[in-house]
Protein chains: 2
Amino acid sequence: QGTRDHPPAQAALRERLLSAVGSCFKWHGAAAIDTPVLELRETLIGQYGEGSKLIYELQDQGGELLALRYDLTVPFARYLAMNKITNMKRYHVAKVYRRDNPAMTRGRYREFYQCDFDIAGQFDPMIPDAECLKIVHEVLSDLQLGDFLIKVNDRRILSGVFAICGVPESKFIPACATVDKLDKVPWEEVRSEMVGEKGLSPEAADRIGEYVQLHGGLDLIERLLQDPKLSQNKQAKEGLGDMKLLFEYLTLFGITGKISFDLSLARGLDYYTGVIFEAVLLQQENEHVEEPVSVGSVAGGGRYDGLVGMFDPKGRKVPCVGVSIGIERIFSILEQRLEASGEKLRTTETQVLVATPQKHLLAARLKLISELWDAGIKAEMLYRKDPKLLKQLQYCEDTGIPLAAIVGEQELADGVVKLRDVATREEVRM
Amino acid sequence: QGTRDHPPAQAALRERLLSAVGSCFKWHGAAAIDTPVLELRETLIGQYGEGSKLIYELQDQGGELLALRYDLTVPFARYLAMNKITNMKRYHVAKVYRRDNPAMTRGRYREFYQCDFDIAGQFDPMIPDAECLKIVHEVLSDLQLGDFLIKVNDRRILSGVFAICGVPESKFIPACATVDKLDKVPWEEVRSEMVGEKGLSPEAADRIGEYVQLHGGLDLIERLLQDPKLSQNKQAKEGLGDMKLLFEYLTLFGITGKISFDLSLARGLDYYTGVIFEAVLLQQENEHVEEPVSVGSVAGGGRYDGLVGMFDPKGRKVPCVGVSIGIERIFSILEQRLEASGEKLRTTETQVLVATPQKHLLAARLKLISELWDAGIKAEMLYRKDPKLLKQLQYCEDTGIPLAAIVGEQELADGVVKLRDVATREEVRM
């Protein structure tokens, strides 16, 4: 349940997509690493907030207690700490596992791919963070998914907002999780969850509401830096200062047009400590709608400066920032688009089918195909002693093989091959 | 335990290797499929003989009882049956899981890659089987691993041998497992296991010994076809007839020089029904040794005509033959060879580092690198506001970046960039 086989057409589309995203990561100088699907349970438990209950655990068959990885970020942090690496730019494209309620139509599965790019190391502020946003911009532009928006916020700004609105620190993380729903439900619902479930006072919730509904650009950052209360909060001030720097760098990258500083962005995971971001695709349903509608998140990430330290026996910190591309949702979109276009993706790369028009010529086919393979030509033949020529040509049409190399009695006698263009039916002897 | 992280150098070598093997499979017109790492326990249990106790089971957290796949063959058969596919040529490169005693130095892990190519469908005898052997020959030749030998046998010939030697049918599979050890231990030991552990009579064991120590080519096949006892056994006769056909096809492929019909080859898995094969690397320790020594199996496979039917509710059979490349052992060999050569594999593809020789030029670097990325050039920069030029050039040398694009105050004023060849130190302004 919640997993699926990928038949060739899907596997081919997926390979194309994963390789496009991987290329973009390599573009930015990232090296690949690979970590096991299995992690020690103790490594994963407690890292994912409410998500921890979705971890797949292995049966105790003697030896270590294991679980399947829930994402690629925690294994990366574990890898850095274990190998005492303090400086690394890596990407990792691999499957992760969550015992979630599957929702196949929305691309939510229990086994799914993640494509992660992360920069670990102590650097000057916001330079790696800006590159992560540039990468999101590049990937989404390259894949031609349509218009998109990258929302940016900072956990420190949110903490500052909570603090000045009178939320006790113990409630910051639950409050974050609630604010994060603002992109799906209206403020009134978020407010009532804050007051009802999370136990915030109605006044605190109202004050929070004034902030988290704001979004904008450099102008908003400047305004909040002047905000008499917020600017007095140390965390918020740091966050806003860095956000300003980030926007300067993004201006140099020429991508601020698709970036929105959005105070409602909170992201669910516990381990973020600074900048957070999330990219959504925008859909212009029709021309009467003025504001473009979001059709869901396709990338996300942020800064997690504390995670590596949790796996180091001496608690040594390695600051990190990273991005994860939501490949499954993008895959669903591309698949639907391909289906709508009626275009058929080839699932093989065969250049030529070796065929015979008469009986008793299997040996000739085997000899010729062997020569083609040895010469580096991608070739197939039917696994029949005496297949009909029509059947062989039909196979070419069904699988998109462009050429047939035909060797019959006459060709054998003349020492030639008849090369046929399957689409045009043109033939040359050679 | 028994798993490992692949740091960038290993991941790069592995990617190179997997892509070489995958290319060879595509060469032969195979399409990729992908199946989940998780399978239902009931799908796996009972398919692997003694191996079944090595299956990783997931904890019962409600819902289905799951296990991690043990190989890629059983999931492929399950996939064919589930989707009622009767005809397919596919490859699959992915990780499998076995709770085995790890032996890292010999490349035996609990999580490891398999690279499988299989042909499913009802075809004329031995044509797909011959292609599988051709592929093994191509992969091992392409990877330049040194001299190798592909041993071939047929389960039906072995069954015939057991039958005419007086082994009861219920003991065929255990007897197979014992015969399979002949490549590692001398006949005397195999014989005593047969008599002691497996309960065969000493006479039966001796008669078996006369057959299973034979190996050769077409001549041996012809001789056994004339063997007064063996030729009377229906199974053996079929197997020998097919083996003869196989050798004819392999002769047309021009690869019989590296093929040995070897009656000791048995292979452990329960599901094989016909041709079986295994490739071993040969090592010429020194010139005094006359016979080359085998250093272990690097590929194997065979025909399994009954497996798909086990997963079909109506038991419909789909004949299959396939090959699995032992990528982990090959990886160990290539890694040792790379280490011995002192050659350093680049782990990134960066073409140019954007550098500045003076302070306060971060903006210029960000602007230039952004232009390079947008123009499709693989570029990096250090994540520092004011890094020293020496440090930037050192980074190029450490990571193998061939060029540095340097923009200093003078270059900015002149509207040019200084392009430096890191190895030769030559510079051009452009």
# chains A, B, ... in the order shown; residues from 1 in each chain; ligands from 1
>>> interface_residues(of="chain A", to="chain B", cutoff="6 Å", atoms="only C-alpha atoms", output="compact mmCIF listing (two decimals) with all heavy atoms, in the first residue's frame")
# COMPACT_ATOMS: atom_id res chain seq x y z
N ASP A 5 4.99 0.12 -8.55
CA ASP A 5 5.97 -0.24 -9.57
C ASP A 5 5.98 0.85 -10.62
O ASP A 5 4.96 1.44 -10.93
CB ASP A 5 5.55 -1.55 -10.24
CG ASP A 5 5.53 -2.72 -9.26
OD1 ASP A 5 6.50 -2.85 -8.50
OD2 ASP A 5 4.56 -3.49 -9.28
N HIS A 6 7.16 1.10 -11.16
CA HIS A 6 7.24 2.03 -12.29
C HIS A 6 7.46 1.24 -13.56
O HIS A 6 8.56 0.75 -13.80
CB HIS A 6 8.38 3.01 -12.12
CG HIS A 6 8.09 4.03 -11.09
ND1 HIS A 6 7.11 4.97 -11.26
CD2 HIS A 6 8.64 4.26 -9.89
CE1 HIS A 6 7.07 5.73 -10.18
NE2 HIS A 6 7.99 5.32 -9.34
N PRO A 7 6.44 1.11 -14.39
CA PRO A 7 6.63 0.47 -15.69
C PRO A 7 7.55 1.33 -16.56
O PRO A 7 7.82 2.49 -16.22
CB PRO A 7 5.22 0.40 -16.25
CG PRO A 7 4.43 1.43 -15.52
CD PRO A 7 5.08 1.59 -14.18
N PRO A 8 8.04 0.77 -17.66
CA PRO A 8 9.06 1.45 -18.46
C PRO A 8 8.74 2.91 -18.82
O PRO A 8 9.62 3.76 -18.72
CB PRO A 8 9.14 0.58 -19.72
CG PRO A 8 8.85 -0.79 -19.22
CD PRO A 8 7.80 -0.61 -18.16
N ALA A 11 9.29 4.89 -15.76
CA ALA A 11 10.71 4.85 -15.37
C ALA A 11 11.54 5.75 -16.27
O ALA A 11 12.46 6.43 -15.82
CB ALA A 11 11.23 3.42 -15.39
N TRP A 27 25.92 21.27 -11.66
CA TRP A 27 26.23 22.60 -12.16
C TRP A 27 26.84 23.49 -11.08
O TRP A 27 27.63 24.37 -11.36
CB TRP A 27 24.90 23.25 -12.59
CG TRP A 27 24.91 23.79 -13.94
CD1 TRP A 27 24.81 25.12 -14.29
CD2 TRP A 27 25.03 23.05 -15.15
NE1 TRP A 27 24.87 25.21 -15.64
CE2 TRP A 27 25.00 23.97 -16.19
CE3 TRP A 27 25.16 21.71 -15.45
CZ2 TRP A 27 25.12 23.59 -17.52
CZ3 TRP A 27 25.27 21.32 -16.76
CH2 TRP A 27 25.24 22.26 -17.77
N HIS A 28 26.38 23.26 -9.85
CA HIS A 28 26.81 24.11 -8.75
C HIS A 28 27.93 23.47 -7.94
O HIS A 28 28.18 23.85 -6.79
CB HIS A 28 25.61 24.46 -7.86
CG HIS A 28 24.67 25.43 -8.52
ND1 HIS A 28 24.67 26.76 -8.25
CD2 HIS A 28 23.77 25.25 -9.51
CE1 HIS A 28 23.77 27.38 -9.01
NE2 HIS A 28 23.20 26.48 -9.79
N GLY A 29 28.57 22.46 -8.54
CA GLY A 29 29.76 21.91 -7.91
C GLY A 29 29.50 20.94 -6.78
O GLY A 29 30.38 20.71 -5.95
N ALA A 31 29.04 17.30 -5.02
CA ALA A 31 29.46 15.92 -5.19
C ALA A 31 28.34 15.01 -4.70
O ALA A 31 27.59 15.38 -3.80
CB ALA A 31 30.73 15.65 -4.39
N ALA A 32 28.23 13.82 -5.30
CA ALA A 32 27.21 12.87 -4.86
C ALA A 32 27.71 12.09 -3.67
O ALA A 32 28.90 11.78 -3.57
CB ALA A 32 26.89 11.91 -6.00
N ILE A 33 26.83 11.79 -2.72
CA ILE A 33 27.15 10.76 -1.73
C ILE A 33 26.00 9.77 -1.72
O ILE A 33 24.92 10.03 -2.26
CB ILE A 33 27.39 11.29 -0.29
CG1 ILE A 33 26.10 11.82 0.33
CG2 ILE A 33 28.47 12.34 -0.26
CD1 ILE A 33 26.18 11.92 1.85
N ASP A 34 26.22 8.61 -1.11
CA ASP A 34 25.17 7.62 -0.98
C ASP A 34 25.21 7.11 0.45
O ASP A 34 26.28 6.84 0.99
CB ASP A 34 25.41 6.47 -1.97
CG ASP A 34 24.25 5.50 -2.04
OD1 ASP A 34 23.13 5.89 -1.63
OD2 ASP A 34 24.46 4.37 -2.50
N THR A 35 24.07 7.06 1.11
CA THR A 35 24.00 6.51 2.46
C THR A 35 22.99 5.36 2.46
O THR A 35 22.15 5.28 1.56
CB THR A 35 23.57 7.59 3.49
OG1 THR A 35 22.24 8.01 3.19
CG2 THR A 35 24.50 8.79 3.45
N GLU A 57 9.79 0.97 11.03
CA GLU A 57 10.80 0.29 11.85
C GLU A 57 10.98 -1.14 11.37
O GLU A 57 10.03 -1.79 10.95
CB GLU A 57 10.37 0.31 13.31
CG GLU A 57 10.25 1.74 13.84
CD GLU A 57 9.98 1.81 15.32
OE1 GLU A 57 9.75 0.76 15.95
OE2 GLU A 57 10.02 2.95 15.85
N LEU A 58 12.22 -1.63 11.44
CA LEU A 58 12.46 -3.03 11.09
C LEU A 58 12.25 -3.91 12.31
O LEU A 58 12.39 -3.46 13.45
CB LEU A 58 13.87 -3.23 10.54
CG LEU A 58 13.87 -3.11 9.00
CD1 LEU A 58 13.87 -1.66 8.60
CD2 LEU A 58 15.04 -3.84 8.41
N GLN A 59 11.88 -5.15 12.02
CA GLN A 59 11.69 -6.09 13.11
C GLN A 59 13.02 -6.35 13.79
O GLN A 59 14.06 -6.32 13.16
CB GLN A 59 11.15 -7.39 12.54
CG GLN A 59 10.48 -8.23 13.59
CD GLN A 59 9.66 -9.33 12.94
OE1 GLN A 59 10.19 -10.34 12.49
NE2 GLN A 59 8.37 -9.13 12.86
N PHE A 123 30.45 29.60 6.90
CA PHE A 123 30.76 30.56 5.85
C PHE A 123 30.22 31.94 6.20
O PHE A 123 29.58 32.10 7.24
CB PHE A 123 30.15 30.09 4.52
CG PHE A 123 30.64 28.75 4.09
CD1 PHE A 123 29.77 27.67 3.99
CD2 PHE A 123 31.98 28.54 3.78
CE1 PHE A 123 30.22 26.41 3.59
CE2 PHE A 123 32.44 27.29 3.38
CZ PHE A 123 31.56 26.23 3.29
N ASP A 124 30.44 32.90 5.32
CA ASP A 124 29.86 34.21 5.58
C ASP A 124 28.37 34.17 5.32
O ASP A 124 27.90 33.43 4.44
CB ASP A 124 30.57 35.27 4.73
CG ASP A 124 31.94 35.62 5.31
OD1 ASP A 124 32.04 35.71 6.56
OD2 ASP A 124 32.91 35.77 4.54
N ILE A 127 25.47 33.65 1.87
CA ILE A 127 25.99 33.34 0.53
C ILE A 127 25.53 31.96 0.10
O ILE A 127 24.94 31.81 -0.97
CB ILE A 127 27.52 33.52 0.45
CG1 ILE A 127 27.94 34.91 1.00
CG2 ILE A 127 27.99 33.37 -0.99
CD1 ILE A 127 29.44 35.17 0.97
N LEU A 252 21.35 40.52 -7.05
CA LEU A 252 22.51 40.32 -7.93
C LEU A 252 22.29 39.10 -8.82
O LEU A 252 22.74 39.06 -9.96
CB LEU A 252 23.79 40.15 -7.11
CG LEU A 252 24.27 41.43 -6.41
CD1 LEU A 252 25.27 41.11 -5.31
CD2 LEU A 252 24.87 42.40 -7.41
N PHE A 253 21.63 38.07 -8.30
CA PHE A 253 21.30 36.89 -9.10
C PHE A 253 20.14 37.16 -10.07
O PHE A 253 19.84 36.33 -10.93
CB PHE A 253 20.90 35.70 -8.20
CG PHE A 253 22.05 35.04 -7.49
CD1 PHE A 253 21.82 34.25 -6.37
CD2 PHE A 253 23.37 35.17 -7.95
CE1 PHE A 253 22.87 33.62 -5.72
CE2 PHE A 253 24.42 34.54 -7.29
CZ PHE A 253 24.17 33.77 -6.17
N THR A 347 10.93 4.06 -24.50
CA THR A 347 11.46 3.48 -23.26
C THR A 347 12.78 2.76 -23.52
O THR A 347 13.42 2.28 -22.58
CB THR A 347 10.47 2.48 -22.65
OG1 THR A 347 10.20 1.46 -23.62
CG2 THR A 347 9.16 3.17 -22.31
N THR A 348 13.17 2.62 -24.78
CA THR A 348 14.44 1.99 -25.12
C THR A 348 15.20 2.90 -26.08
O THR A 348 14.65 3.88 -26.58
CB THR A 348 14.23 0.62 -25.80
OG1 THR A 348 13.43 0.82 -26.97
CG2 THR A 348 13.50 -0.35 -24.87
N THR A 350 17.16 1.57 -28.73
CA THR A 350 17.58 0.77 -29.86
C THR A 350 17.56 1.57 -31.17
O THR A 350 16.59 2.24 -31.49
CB THR A 350 16.66 -0.46 -30.00
OG1 THR A 350 16.54 -1.05 -28.72
CG2 THR A 350 17.21 -1.45 -31.01
N LYS A 367 24.81 -13.39 -36.61
CA LYS A 367 26.15 -12.89 -36.99
C LYS A 367 26.14 -11.38 -37.15
O LYS A 367 27.03 -10.68 -36.67
CB LYS A 367 26.58 -13.53 -38.32
CG LYS A 367 27.67 -14.58 -38.15
CD LYS A 367 28.14 -15.08 -39.49
CE LYS A 367 29.48 -14.44 -39.81
NZ LYS A 367 30.57 -15.42 -39.74
N SER A 370 25.64 -9.42 -33.83
CA SER A 370 26.86 -9.48 -33.03
C SER A 370 27.86 -8.45 -33.53
O SER A 370 28.51 -7.75 -32.74
CB SER A 370 27.41 -10.90 -33.12
OG SER A 370 28.55 -11.05 -32.34
N LYS A 378 23.34 0.15 -31.05
CA LYS A 378 22.29 -0.43 -30.22
C LYS A 378 21.32 -1.20 -31.09
O LYS A 378 20.61 -0.61 -31.90
CB LYS A 378 21.57 0.68 -29.47
CG LYS A 378 22.48 1.44 -28.52
CD LYS A 378 21.81 2.63 -27.88
CE LYS A 378 22.87 3.48 -27.18
NZ LYS A 378 22.35 4.76 -26.72
N ALA A 379 21.30 -2.51 -30.95
CA ALA A 379 20.56 -3.34 -31.88
C ALA A 379 19.72 -4.40 -31.16
O ALA A 379 20.09 -4.87 -30.08
CB ALA A 379 21.52 -4.03 -32.84
N GLU A 380 18.60 -4.74 -31.76
CA GLU A 380 17.76 -5.83 -31.28
C GLU A 380 17.39 -6.75 -32.42
O GLU A 380 17.51 -6.39 -33.59
CB GLU A 380 16.46 -5.27 -30.68
CG GLU A 380 16.56 -4.65 -29.32
CD GLU A 380 15.18 -4.24 -28.80
OE1 GLU A 380 14.42 -5.12 -28.35
OE2 GLU A 380 14.86 -3.04 -28.87
N TYR A 383 13.31 -12.84 -30.89
CA TYR A 383 13.85 -14.11 -30.42
C TYR A 383 13.12 -15.29 -31.05
O TYR A 383 12.69 -16.21 -30.35
CB TYR A 383 13.77 -14.18 -28.90
CG TYR A 383 14.52 -13.06 -28.20
CD1 TYR A 383 13.88 -12.19 -27.33
CD2 TYR A 383 15.88 -12.87 -28.43
CE1 TYR A 383 14.57 -11.17 -26.71
CE2 TYR A 383 16.57 -11.85 -27.80
CZ TYR A 383 15.91 -11.01 -26.94
OH TYR A 383 16.58 -10.00 -26.31
N ARG A 384 12.96 -15.25 -32.37
CA ARG A 384 12.29 -16.31 -33.10
C ARG A 384 13.23 -16.82 -34.16
O ARG A 384 14.00 -16.04 -34.74
CB ARG A 384 11.03 -15.75 -33.79
CG ARG A 384 10.00 -15.22 -32.86
CD ARG A 384 9.19 -16.35 -32.30
NE ARG A 384 8.21 -15.85 -31.34
CZ ARG A 384 7.55 -16.63 -30.52
NH1 ARG A 384 7.77 -17.93 -30.52
NH2 ARG A 384 6.67 -16.12 -29.68
>>> residues_around(residues="Asp116 of chain B", least_positions_apart="4", cutoff="6 Å", atoms="only C-alpha atoms", output="PDB file with N, CA and C atoms, in the first residue's frame")
ATOM      1  N   TYR B  91      15.780  -3.990 -17.626  1.00  0.00           N
ATOM      2  CA  TYR B  91      16.911  -4.008 -16.723  1.00  0.00           C
ATOM      3  C   TYR B  91      16.538  -3.243 -15.470  1.00  0.00           C
ATOM      4  N   HIS B  92      17.257  -3.516 -14.408  1.00  0.00           N
ATOM      5  CA  HIS B  92      16.959  -2.878 -13.129  1.00  0.00           C
ATOM      6  C   HIS B  92      18.259  -2.803 -12.337  1.00  0.00           C
ATOM      7  N   VAL B 323      20.299 -12.290 -16.237  1.00  0.00           N
ATOM      8  CA  VAL B 323      21.662 -12.241 -15.734  1.00  0.00           C
ATOM      9  C   VAL B 323      21.783 -11.112 -14.712  1.00  0.00           C
ATOM     10  N   SER B 324      22.589 -11.350 -13.698  1.00  0.00           N
ATOM     11  CA  SER B 324      22.843 -10.356 -12.678  1.00  0.00           C
ATOM     12  C   SER B 324      24.349 -10.106 -12.622  1.00  0.00           C
TER      13      SER B 324
END
>>> atom_distance(atom1="atom CA of Arg155 of chain A", atom2="atom CA of Glu328 of chain A")
26.4 Å
>>> select_by_dssp(residues="segment 51-233 of chain A", states="strand (DSSP E or B)", output="VMD selection string")
chain A and resid 57 to 58 66 to 68 88 to 97 103 108 111 to 120 148 to 154 215 to 216
>>> select_by_dssp(residues="segment 237-326 of chain A", states="helix (DSSP H, G or I)", output="PyMOL selection string")
chain A and resi 237-252+256-258+307-311
>>> write_last_selection(atoms="N, CA and C atoms", output="mmCIF file, in the first residue's frame")
data_model
loop_
_atom_site.group_PDB
_atom_site.id
_atom_site.type_symbol
_atom_site.label_atom_id
_atom_site.label_comp_id
_atom_site.auth_asym_id
_atom_site.auth_seq_id
_atom_site.Cartn_x
_atom_site.Cartn_y
_atom_site.Cartn_z
ATOM 1 N N LYS A 237 15.673 40.621 14.974
ATOM 2 C CA LYS A 237 16.569 41.612 14.371
ATOM 3 C C LYS A 237 17.652 40.926 13.533
ATOM 4 N N GLU A 238 18.222 39.863 14.107
ATOM 5 C CA GLU A 238 19.220 39.087 13.345
ATOM 6 C C GLU A 238 18.608 38.512 12.077
ATOM 7 N N GLY A 239 17.417 37.946 12.237
ATOM 8 C CA GLY A 239 16.743 37.324 11.101
ATOM 9 C C GLY A 239 16.446 38.340 10.013
ATOM 10 N N LEU A 240 15.984 39.504 10.421
ATOM 11 C CA LEU A 240 15.647 40.540 9.443
ATOM 12 C C LEU A 240 16.900 41.079 8.762
ATOM 13 N N GLY A 241 17.985 41.207 9.549
ATOM 14 C CA GLY A 241 19.250 41.665 8.968
ATOM 15 C C GLY A 241 19.737 40.701 7.898
ATOM 16 N N ASP A 242 19.673 39.404 8.223
ATOM 17 C CA ASP A 242 20.101 38.392 7.253
ATOM 18 C C ASP A 242 19.158 38.364 6.045
ATOM 19 N N MET A 243 17.868 38.562 6.296
ATOM 20 C CA MET A 243 16.903 38.549 5.194
ATOM 21 C C MET A 243 17.209 39.687 4.218
ATOM 22 N N LYS A 244 17.619 40.823 4.774
ATOM 23 C CA LYS A 244 17.976 41.958 3.930
ATOM 24 C C LYS A 244 19.192 41.620 3.060
ATOM 25 N N LEU A 245 20.187 41.009 3.705
ATOM 26 C CA LEU A 245 21.396 40.596 2.987
ATOM 27 C C LEU A 245 21.035 39.587 1.892
ATOM 28 N N LEU A 246 20.189 38.628 2.239
ATOM 29 C CA LEU A 246 19.751 37.616 1.273
ATOM 30 C C LEU A 246 19.120 38.291 0.057
ATOM 31 N N PHE A 247 18.246 39.250 0.296
ATOM 32 C CA PHE A 247 17.589 39.928 -0.831
ATOM 33 C C PHE A 247 18.595 40.694 -1.692
ATOM 34 N N GLU A 248 19.638 41.233 -1.068
ATOM 35 C CA GLU A 248 20.687 41.909 -1.869
ATOM 36 C C GLU A 248 21.344 40.902 -2.814
ATOM 37 N N TYR A 249 21.679 39.732 -2.286
ATOM 38 C CA TYR A 249 22.342 38.714 -3.113
ATOM 39 C C TYR A 249 21.392 38.214 -4.204
ATOM 40 N N LEU A 250 20.122 38.028 -3.841
ATOM 41 C CA LEU A 250 19.156 37.550 -4.830
ATOM 42 C C LEU A 250 18.934 38.594 -5.926
ATOM 43 N N THR A 251 19.092 39.860 -5.565
ATOM 44 C CA THR A 251 19.003 40.932 -6.560
ATOM 45 C C THR A 251 20.154 40.798 -7.557
ATOM 46 N N LEU A 252 21.353 40.524 -7.045
ATOM 47 C CA LEU A 252 22.511 40.317 -7.933
ATOM 48 C C LEU A 252 22.288 39.095 -8.820
ATOM 49 N N THR A 256 14.790 38.159 -7.812
ATOM 50 C CA THR A 256 13.835 38.619 -6.792
ATOM 51 C C THR A 256 12.401 38.680 -7.316
ATOM 52 N N GLY A 257 12.253 38.710 -8.622
ATOM 53 C CA GLY A 257 10.898 38.748 -9.205
ATOM 54 C C GLY A 257 10.030 37.571 -8.798
ATOM 55 N N LYS A 258 10.655 36.460 -8.444
ATOM 56 C CA LYS A 258 9.870 35.280 -8.066
ATOM 57 C C LYS A 258 10.028 34.912 -6.594
ATOM 58 N N LEU A 307 21.675 20.529 13.673
ATOM 59 C CA LEU A 307 21.409 19.100 13.486
ATOM 60 C C LEU A 307 22.675 18.235 13.559
ATOM 61 N N VAL A 308 23.747 18.684 12.874
ATOM 62 C CA VAL A 308 24.972 17.877 12.860
ATOM 63 C C VAL A 308 25.504 17.707 14.280
ATOM 64 N N GLY A 309 25.448 18.770 15.061
ATOM 65 C CA GLY A 309 25.937 18.740 16.439
ATOM 66 C C GLY A 309 25.247 17.682 17.291
ATOM 67 N N MET A 310 23.968 17.387 16.979
ATOM 68 C CA MET A 310 23.233 16.369 17.731
ATOM 69 C C MET A 310 23.846 14.985 17.571
ATOM 70 N N PHE A 311 24.577 14.769 16.459
ATOM 71 C CA PHE A 311 25.158 13.448 16.211
ATOM 72 C C PHE A 311 26.644 13.399 16.571
#
>>> residues_around(residues="segment 222-235 of chain B", least_positions_apart="6", cutoff="7 Å", atoms="only C-alpha atoms", output="number ranges by chain")
B: 156-157, 160-161, 164
>>> write_last_selection(atoms="all heavy atoms", output="mmCIF file, in the first residue's frame")
data_model
loop_
_atom_site.group_PDB
_atom_site.id
_atom_site.type_symbol
_atom_site.label_atom_id
_atom_site.label_comp_id
_atom_site.auth_asym_id
_atom_site.auth_seq_id
_atom_site.Cartn_x
_atom_site.Cartn_y
_atom_site.Cartn_z
ATOM 1 N N ARG B 156 18.620 -29.194 -15.897
ATOM 2 C CA ARG B 156 18.048 -30.461 -16.360
ATOM 3 C C ARG B 156 19.136 -31.511 -16.537
ATOM 4 O O ARG B 156 18.931 -32.697 -16.282
ATOM 5 C CB ARG B 156 17.278 -30.242 -17.671
ATOM 6 C CG ARG B 156 16.000 -29.419 -17.490
ATOM 7 C CD ARG B 156 15.463 -28.953 -18.827
ATOM 8 N NE ARG B 156 16.420 -28.081 -19.520
ATOM 9 C CZ ARG B 156 16.270 -27.648 -20.775
ATOM 10 N NH1 ARG B 156 15.207 -28.012 -21.476
ATOM 11 N NH2 ARG B 156 17.172 -26.845 -21.311
ATOM 12 N N ILE B 157 20.331 -31.064 -16.958
ATOM 13 C CA ILE B 157 21.440 -32.019 -17.084
ATOM 14 C C ILE B 157 21.828 -32.530 -15.699
ATOM 15 O O ILE B 157 21.996 -33.737 -15.479
ATOM 16 C CB ILE B 157 22.659 -31.370 -17.791
ATOM 17 C CG1 ILE B 157 22.251 -30.878 -19.192
ATOM 18 C CG2 ILE B 157 23.826 -32.350 -17.868
ATOM 19 C CD1 ILE B 157 23.346 -30.148 -19.955
ATOM 20 N N GLY B 160 19.337 -34.945 -14.499
ATOM 21 C CA GLY B 160 19.551 -36.225 -15.183
ATOM 22 C C GLY B 160 20.697 -36.998 -14.554
ATOM 23 O O GLY B 160 20.591 -38.199 -14.301
ATOM 24 N N VAL B 161 21.789 -36.288 -14.275
ATOM 25 C CA VAL B 161 22.941 -36.939 -13.641
ATOM 26 C C VAL B 161 22.525 -37.536 -12.299
ATOM 27 O O VAL B 161 22.792 -38.698 -12.004
ATOM 28 C CB VAL B 161 24.109 -35.935 -13.460
ATOM 29 C CG1 VAL B 161 25.185 -36.515 -12.535
ATOM 30 C CG2 VAL B 161 24.704 -35.556 -14.813
ATOM 31 N N ILE B 164 20.258 -40.690 -12.865
ATOM 32 C CA ILE B 164 20.913 -41.925 -13.306
ATOM 33 C C ILE B 164 21.945 -42.423 -12.292
ATOM 34 O O ILE B 164 22.381 -43.568 -12.355
ATOM 35 C CB ILE B 164 21.576 -41.783 -14.699
ATOM 36 C CG1 ILE B 164 22.709 -40.757 -14.669
ATOM 37 C CG2 ILE B 164 20.539 -41.421 -15.767
ATOM 38 C CD1 ILE B 164 23.638 -40.876 -15.863
#
>>> residues_around(residues="Asp421 of chain B", least_positions_apart="4", cutoff="10 Å", atoms="only C-alpha atoms", output="list of chain:residue names")
B:Val352, B:Ile401, B:Pro402, B:Leu403, B:Ala404, B:Ala405, B:Arg425, B:Glu426, B:Glu427, B:Val428
>>> write_last_selection(atoms="C-alpha atoms", output="short mmCIF file (atom, residue, chain, number, x, y, z; two decimals), in the first residue's frame")
data_model
loop_
_atom_site.label_atom_id
_atom_site.label_comp_id
_atom_site.auth_asym_id
_atom_site.auth_seq_id
_atom_site.Cartn_x
_atom_site.Cartn_y
_atom_site.Cartn_z
CA VAL B 352 35.40 27.33 -13.51
CA ILE B 401 38.64 22.76 -11.25
CA PRO B 402 40.62 23.57 -14.42
CA LEU B 403 39.88 27.30 -14.76
CA ALA B 404 39.57 30.37 -12.56
CA ALA B 405 37.62 33.42 -13.76
CA ARG B 425 49.04 29.44 -14.69
CA GLU B 426 48.51 31.01 -18.09
CA GLU B 427 46.09 33.94 -18.07
CA VAL B 428 44.04 35.67 -20.74
#
>>> residues_around(residues="Lys388 of chain B", least_positions_apart="5", cutoff="12 Å", atoms="only C-alpha atoms", output="list in words")
Ala355, Thr356, Pro357, Gln358, Lys359, His360, Leu361, Leu382, Tyr383, Leu393, Gln394 and Tyr395 of chain B
>>> residues_around(residues="Val96 of chain A", least_positions_apart="5", cutoff="7 Å", atoms="only C-alpha atoms", output="MDAnalysis selection string")
chainID A and resid 69:71 111:114
